[in-house]
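Undergrad: One file: start.csv (CSV, C-alpha atoms and all ligand atoms).
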chain,number,residue,atom,x,y,z
Y,858,MET,CA,-14.4,-1.3,17.3
Y,859,GLN,CA,-16.5,-3.1,19.8
Y,860,PHE,CA,-20.2,-4.1,19.7
Y,861,VAL,CA,-22.3,-5.3,22.6
Y,862,VAL,CA,-24.2,-8.2,21.2
Y,863,GLY,CA,-26.1,-9.7,24.1
Y,864,GLN,CA,-29.4,-8.6,22.7
Y,865,GLN,CA,-28.4,-9.7,19.2
Y,866,LEU,CA,-27.6,-13.2,20.5
Y,867,ARG,CA,-31.2,-13.6,21.8
Y,868,GLU,CA,-32.7,-12.7,18.4
Y,869,PRO,CA,-33.9,-15.3,15.8
Y,870,LEU,CA,-31.5,-16.8,13.3
Y,871,GLY,CA,-30.8,-14.6,10.3
Y,872,SER,CA,-31.7,-11.3,12.0
Y,873,VAL,CA,-29.3,-8.5,11.0
Y,874,THR,CA,-28.2,-5.4,12.9
Y,875,HIS,CA,-26.6,-2.7,10.7
Y,876,TYR,CA,-24.1,-0.2,11.9
Y,877,GLU,CA,-22.6,2.7,10.0
Y,878,ILE,CA,-19.1,3.6,10.9
Y,879,ARG,CA,-18.1,7.2,10.6
Y,880,GLU,CA,-16.3,8.2,13.6
Y,881,SER,CA,-12.7,8.7,14.6
Y,882,ASN,CA,-13.3,7.3,18.0
Y,883,HIS,CA,-13.7,3.8,16.5
Y,884,LEU,CA,-10.0,3.9,15.7
Y,885,PRO,CA,-8.2,0.9,17.2
Y,886,GLU,CA,-5.7,2.2,19.7
Y,887,GLY,CA,-2.1,2.8,18.6
Y,888,GLU,CA,-3.0,2.3,15.0
Y,889,ASP,CA,-1.6,4.4,12.2
Y,890,PHE,CA,-5.0,5.2,10.6
Y,891,LEU,CA,-5.2,8.9,9.5
Y,892,GLY,CA,-8.4,10.9,10.0
Y,893,GLU,CA,-11.8,9.2,9.8
Y,894,LEU,CA,-12.7,5.6,9.3
Y,895,THR,CA,-15.8,5.0,7.4
Y,896,GLY,CA,-17.8,2.0,6.4
Y,897,SER,CA,-20.4,-0.4,7.7
Y,898,VAL,CA,-20.7,-3.5,9.9
Y,899,ASP,CA,-23.6,-5.9,9.6
Y,900,LEU,CA,-24.0,-8.4,12.5
Y,901,MET,CA,-26.1,-11.4,11.6
Y,902,ARG,CA,-27.3,-14.0,14.1
Y,903,THR,CA,-26.2,-17.5,13.0
Y,904,ASP,CA,-26.8,-20.9,14.5
Y,905,LYS,CA,-23.3,-20.8,16.1
Y,906,GLY,CA,-22.9,-17.1,16.9
Y,907,ILE,CA,-22.7,-13.8,15.0
Y,908,LEU,CA,-21.5,-13.3,11.5
Y,909,ALA,CA,-19.8,-9.9,11.1
Y,910,SER,CA,-19.7,-8.5,7.6
Y,911,VAL,CA,-17.3,-5.6,7.6
Y,912,VAL,CA,-16.4,-3.0,5.1
Y,913,ILE,CA,-14.0,-0.3,6.2
Y,914,HIS,CA,-12.5,2.6,4.2
Y,915,CYS,CA,-9.5,4.2,5.8
Y,916,THR,CA,-6.2,6.0,5.1
Y,917,ILE,CA,-3.0,4.5,6.3
Y,918,ALA,CA,0.1,6.5,7.3
Y,919,ALA,CA,3.3,4.9,6.2
Y,920,LYS,CA,6.9,5.5,5.0
Y,921,CYS,CA,8.0,5.0,1.4
Y,922,SER,CA,9.9,1.7,1.4
Y,923,ARG,CA,12.7,3.2,-0.8
Y,924,CYS,CA,13.2,6.8,0.3
Y,925,LEU,CA,11.5,6.7,3.7
Y,926,SER,CA,9.5,9.8,3.2
Y,927,ASP,CA,6.1,10.0,4.9
Y,928,ILE,CA,3.2,8.9,2.7
Y,929,SER,CA,-0.4,8.0,3.1
Y,930,TYR,CA,-2.6,5.8,1.0
Y,931,PRO,CA,-6.3,4.7,1.0
Y,932,LEU,CA,-7.1,1.2,2.0
Y,933,THR,CA,-10.4,-0.7,1.9
Y,934,LEU,CA,-10.9,-3.8,4.1
Y,935,ALA,CA,-13.8,-6.1,3.4
Y,936,PHE,CA,-14.3,-9.4,5.2
Y,937,ASP,CA,-16.8,-11.7,6.9
Y,938,GLU,CA,-15.9,-13.4,10.1
Y,939,GLU,CA,-18.1,-15.5,12.5
Y,940,TYR,CA,-17.8,-14.7,16.2
Y,941,LEU,CA,-18.7,-17.4,18.7
Y,942,PRO,CA,-20.2,-16.7,22.1
Y,943,THR,CA,-18.4,-17.9,25.3
Y,944,MET,CA,-21.4,-17.2,27.5
Y,945,ASP,CA,-25.0,-18.3,27.0
Y,946,ALA,CA,-27.0,-15.1,26.4
Y,947,SER,CA,-30.1,-16.4,28.1
Y,948,THR,CA,-28.8,-18.2,31.1
Y,949,GLY,CA,-25.4,-16.5,31.6
Y,950,GLU,CA,-23.7,-19.9,31.8
Y,951,PRO,CA,-20.2,-20.3,30.4
Y,952,LEU,CA,-20.1,-22.2,27.1
Y,953,PRO,CA,-17.5,-24.7,26.1
Y,954,LEU,CA,-14.7,-23.1,24.0
Y,955,PRO,CA,-14.7,-24.0,20.3
Y,956,ALA,CA,-12.3,-26.6,19.0
Y,957,ASP,CA,-10.6,-24.1,16.7
Y,958,PRO,CA,-8.1,-22.1,18.7
Y,959,ASP,CA,-8.1,-19.4,16.1
Y,960,ALA,CA,-11.9,-18.8,16.2
Y,961,PHE,CA,-13.0,-15.3,17.0
Y,962,LEU,CA,-14.8,-15.1,20.3
Y,963,ILE,CA,-17.4,-12.9,21.9
Y,964,ASP,CA,-16.2,-12.2,25.4
Y,965,SER,CA,-18.0,-13.0,28.7
Y,966,HIS,CA,-19.5,-9.5,28.7
Y,967,GLN,CA,-21.0,-10.2,25.2
Y,968,VAL,CA,-18.7,-7.8,23.6
Y,969,LEU,CA,-17.7,-8.5,19.9
Y,970,ASP,CA,-14.4,-6.8,19.3
Y,971,LEU,CA,-13.3,-6.4,15.6
Y,972,THR,CA,-9.8,-5.1,16.4
Y,973,GLU,CA,-7.9,-8.3,15.9
Y,974,ALA,CA,-9.7,-9.2,12.7
Y,975,VAL,CA,-9.1,-5.7,11.3
Y,976,ARG,CA,-5.4,-6.1,12.2
Y,977,GLN,CA,-5.2,-9.5,10.5
Y,978,TYR,CA,-7.0,-8.4,7.3
Y,979,ARG,CA,-4.9,-5.3,7.1
Y,980,LEU,CA,-1.7,-7.4,7.0
Y,981,THR,CA,-3.1,-9.4,4.0
Y,982,THR,CA,-4.4,-6.3,2.2
Y,983,GLU,CA,-1.9,-3.5,2.6
Y,984,PRO,CA,1.2,-3.3,0.3
Y,985,LEU,CA,4.3,-4.9,1.7
Y,986,GLN,CA,6.5,-2.2,0.2
Y,987,PRO,CA,4.5,1.1,-0.2
Y,988,LEU,CA,6.1,3.7,-2.5
Y,989,CYS,CA,5.7,7.5,-2.6
Y,990,ARG,CA,5.5,7.1,-6.4
Y,991,PRO,CA,6.0,4.0,-8.6
Y,992,ASP,CA,9.4,5.3,-9.9
Y,993,CYS,CA,10.8,6.5,-6.6
Y,994,LEU,CA,14.7,6.4,-6.9
Y,995,GLY,CA,15.2,5.8,-3.2
Y,996,LEU,CA,18.3,6.6,-1.1
Y,997,CYS,CA,21.9,6.4,-2.1
Y,998,PRO,CA,23.2,3.2,-0.5
Y,999,ARG,CA,26.5,4.9,0.1
Y,1000,CYS,CA,25.6,8.3,1.7
Y,1001,GLY,CA,21.9,8.0,2.3
Y,1002,TYR,CA,21.0,11.0,0.2
Y,1003,ASP,CA,17.5,11.0,-1.3
Y,1004,VAL,CA,18.4,10.6,-5.0
Y,1005,ASN,CA,14.9,11.9,-6.0
Y,1006,GLN,CA,16.3,15.4,-5.1
Y,1007,GLY,CA,19.2,15.0,-7.6
Y,1008,PRO,CA,22.5,13.1,-7.8
Y,1009,CYS,CA,24.5,13.0,-4.6
Y,1010,GLY,CA,27.9,12.9,-6.2
Y,1011,CYS,CA,29.0,9.6,-4.8
Y,1012,PRO,CA,31.6,7.8,-7.0
Y,1013,GLY,CA,30.2,4.8,-8.8
Y,1014,GLN,CA,26.7,5.8,-8.1
Y,1015,GLU,CA,25.5,6.1,-11.7
Y,1016,THR,CA,24.4,2.7,-13.0
Y,1017,ASP,CA,22.7,4.2,-16.1
Y,1018,ALA,CA,24.1,2.5,-19.2
Y,1019,ARG,CA,24.3,5.8,-21.0
Y,1020,TRP,CA,26.7,7.3,-18.5
Y,1021,THR,CA,28.8,4.2,-18.6
Y,1022,ALA,CA,29.1,4.5,-22.3
Y,1023,LEU,CA,30.1,8.2,-22.0
Y,1024,ALA,CA,32.7,7.4,-19.4
Y,1025,GLU,CA,34.3,4.7,-21.7
Y,1026,LEU,CA,34.3,7.2,-24.6
Y,1027,ALA,CA,36.2,9.8,-22.4
Y,1028,VAL,CA,38.9,7.3,-21.6
Y,1029,LYS,CA,39.4,6.5,-25.3
Y,1030,ILE,CA,39.6,10.2,-26.3
Y,1031,GLU,CA,42.1,11.3,-23.6
Y,1032,PRO,CA,45.2,9.5,-24.8
Y,1033,GLU,CA,44.8,10.9,-28.4
Y,1034,GLN,CA,44.6,14.5,-27.0
Y,1035,GLU,CA,47.8,14.0,-25.2
Y,1036,SER,CA,49.8,12.7,-28.1
N,1,ZN,ZN,10.0,7.2,-2.2
N,2,ZN,ZN,25.6,9.1,-2.3
Take the structure in the file and write it out as structure tokens.
TA:
Amino acid sequence: MQFVVGQQLREPLGSVTHYEIRESNHLPEGEDFLGELTGSVDLMRTDKGILASVVIHCTIAAKCSRCLSDISYPLTLAFDEEYLPTMDASTGEPLPLPADPDAFLIDSHQVLDLTEAVRQYRLTTEPLQPLCRPDCLGLCPRCGYDVNQGPCGCPGQETDARWTALAELAVKIEPEQES
């Protein structure tokens, strides 16, 4: 997601350029977005550089954190970030780098690249442990079977209190039957 902002940097303070995003070729390379990315980007000229106001709707491909099945979920990213120029748009002279090493920069070709900001905001927005459904039972820790498909038959797998109670009852009954 790159925008050439040389012209924008020569415009008066407060002027806004609006972009609609609705193309799969805006996908950052190597990302796990599915299908189309939609949304909008407003680039506003500020006294220091350009303020990017970004709203992106996308679908993320992931694996359920319990059963590892393939899932996808919608995600909306919304953020404002100011990008600082490294080259004077009028004279072409290099500008001193900002004191903040984490500041987002417009490169020497006047390209404003949103990729890194999108990556960072994704990390803070997306769920740490996505699930295929809220009550996913996950995999058996012993044999790796997907317990959503049914019990795997491993001994000691049942932790349900009702089964424990039945098992205790069976132990009590058996000696009486033998006598
Ligand atoms: Zn699952
Ligand atoms: Zn098992």
Undergrad: Within 8 Å of ligand ZN 2 (chain N), which residues show up when you count all atoms listed in the file? List them as a PyMOL selection string, please.
TA: chain Y and resi 996-1002+1004+1008-1012+1014
Undergrad: Would you list the contacts of Gln865 of chain Y as a PyMOL selection string, taking every protein, DNA or RNA residue within 12 Å and counting all atoms listed in the file, but skipping same-chain residues closer than 4 positions in sequence?
TA: chain Y and resi 860-861+869-875+899-903+906-909+942+946-947+963+967-969
Undergrad: Taking all atoms listed in the file into account, report as a PDB file with C-alpha atoms, in the coordinates of the input which residues have an atom no farther than 9 Å from an atom of ligand ZN 1 (chain N).
TA:
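Here's the written file pocket-v5.pdb:
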ATOM      1  CA  LYS Y 920       6.900   5.500   5.000  1.00  0.00           C
ATOM      2  CA  CYS Y 921       8.000   5.000   1.400  1.00  0.00           C
ATOM      3  CA  SER Y 922       9.900   1.700   1.400  1.00  0.00           C
ATOM      4  CA  ARG Y 923      12.700   3.200  -0.800  1.00  0.00           C
ATOM      5  CA  CYS Y 924      13.200   6.800   0.300  1.00  0.00           C
ATOM      6  CA  LEU Y 925      11.500   6.700   3.700  1.00  0.00           C
ATOM      7  CA  SER Y 926       9.500   9.800   3.200  1.00  0.00           C
ATOM      8  CA  ASP Y 927       6.100  10.000   4.900  1.00  0.00           C
ATOM      9  CA  ILE Y 928       3.200   8.900   2.700  1.00  0.00           C
ATOM     10  CA  PRO Y 987       4.500   1.100  -0.200  1.00  0.00           C
ATOM     11  CA  LEU Y 988       6.100   3.700  -2.500  1.00  0.00           C
ATOM     12  CA  CYS Y 989       5.700   7.500  -2.600  1.00  0.00           C
ATOM     13  CA  ARG Y 990       5.500   7.100  -6.400  1.00  0.00           C
ATOM     14  CA  PRO Y 991       6.000   4.000  -8.600  1.00  0.00           C
ATOM     15  CA  ASP Y 992       9.400   5.300  -9.900  1.00  0.00           C
ATOM     16  CA  CYS Y 993      10.800   6.500  -6.600  1.00  0.00           C
ATOM     17  CA  LEU Y 994      14.700   6.400  -6.900  1.00  0.00           C
ATOM     18  CA  GLY Y 995      15.200   5.800  -3.200  1.00  0.00           C
ATOM     19  CA  LEU Y 996      18.300   6.600  -1.100  1.00  0.00           C
ATOM     20  CA  ASP Y1003      17.500  11.000  -1.300  1.00  0.00           C
ATOM     21  CA  ASN Y1005      14.900  11.900  -6.000  1.00  0.00           C
TER      22      ASN Y1005
END
Undergrad: So the first atom is atom CA of Leu980 of chain Y and the second is atom CA of Tyr876 of chain Y; what is the distance between them in Å, to one decimal place?
TA: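 Computing the Euclidean distance for atom CA of Leu980 of chain Y and atom CA of Tyr876 of chain Y yields 24.0 Å.
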Undergrad: Which residues, protein or nucleic acid, reach to within 7 Å of (-9.8, -8.8, 5.1) in the file's coordinates when using all atoms listed in the file, and can you give that as a PDB file with C-alpha atoms, in the coordinates of the input?
TA:
ATOM      1  CA  LEU Y 934     -10.900  -3.800   4.100  1.00  0.00           C
ATOM      2  CA  ALA Y 935     -13.800  -6.100   3.400  1.00  0.00           C
ATOM      3  CA  PHE Y 936     -14.300  -9.400   5.200  1.00  0.00           C
ATOM      4  CA  VAL Y 975      -9.100  -5.700  11.300  1.00  0.00           C
ATOM      5  CA  TYR Y 978      -7.000  -8.400   7.300  1.00  0.00           C
ATOM      6  CA  ARG Y 979      -4.900  -5.300   7.100  1.00  0.00           C
ATOM      7  CA  THR Y 981      -3.100  -9.400   4.000  1.00  0.00           C
ATOM      8  CA  THR Y 982      -4.400  -6.300   2.200  1.00  0.00           C
TER       9      THR Y 982
END
Undergrad: Between atom CA of Asp959 of chain Y and atom CA of Asp945 of chain Y, measure the distance and give it in Å to one decimal.
TA: 20.1 Å
Undergrad: How far is it from atom CA of Thr943 of chain Y to atom CA of Leu962 of chain Y, in Å with one decimal?
TA: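 Computing the Euclidean distance for atom CA of Thr943 of chain Y and atom CA of Leu962 of chain Y yields 6.8 Å.
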Undergrad: Have a look at Y:Thr948, Y:Glu938, Y:Ile878, Y:Val862 and name the one nearest to Cys915 of chain Y; count only C-alpha atoms.
TA: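 The shortest atom-to-atom distance to Cys915 of chain Y comes from Y:Ile878.
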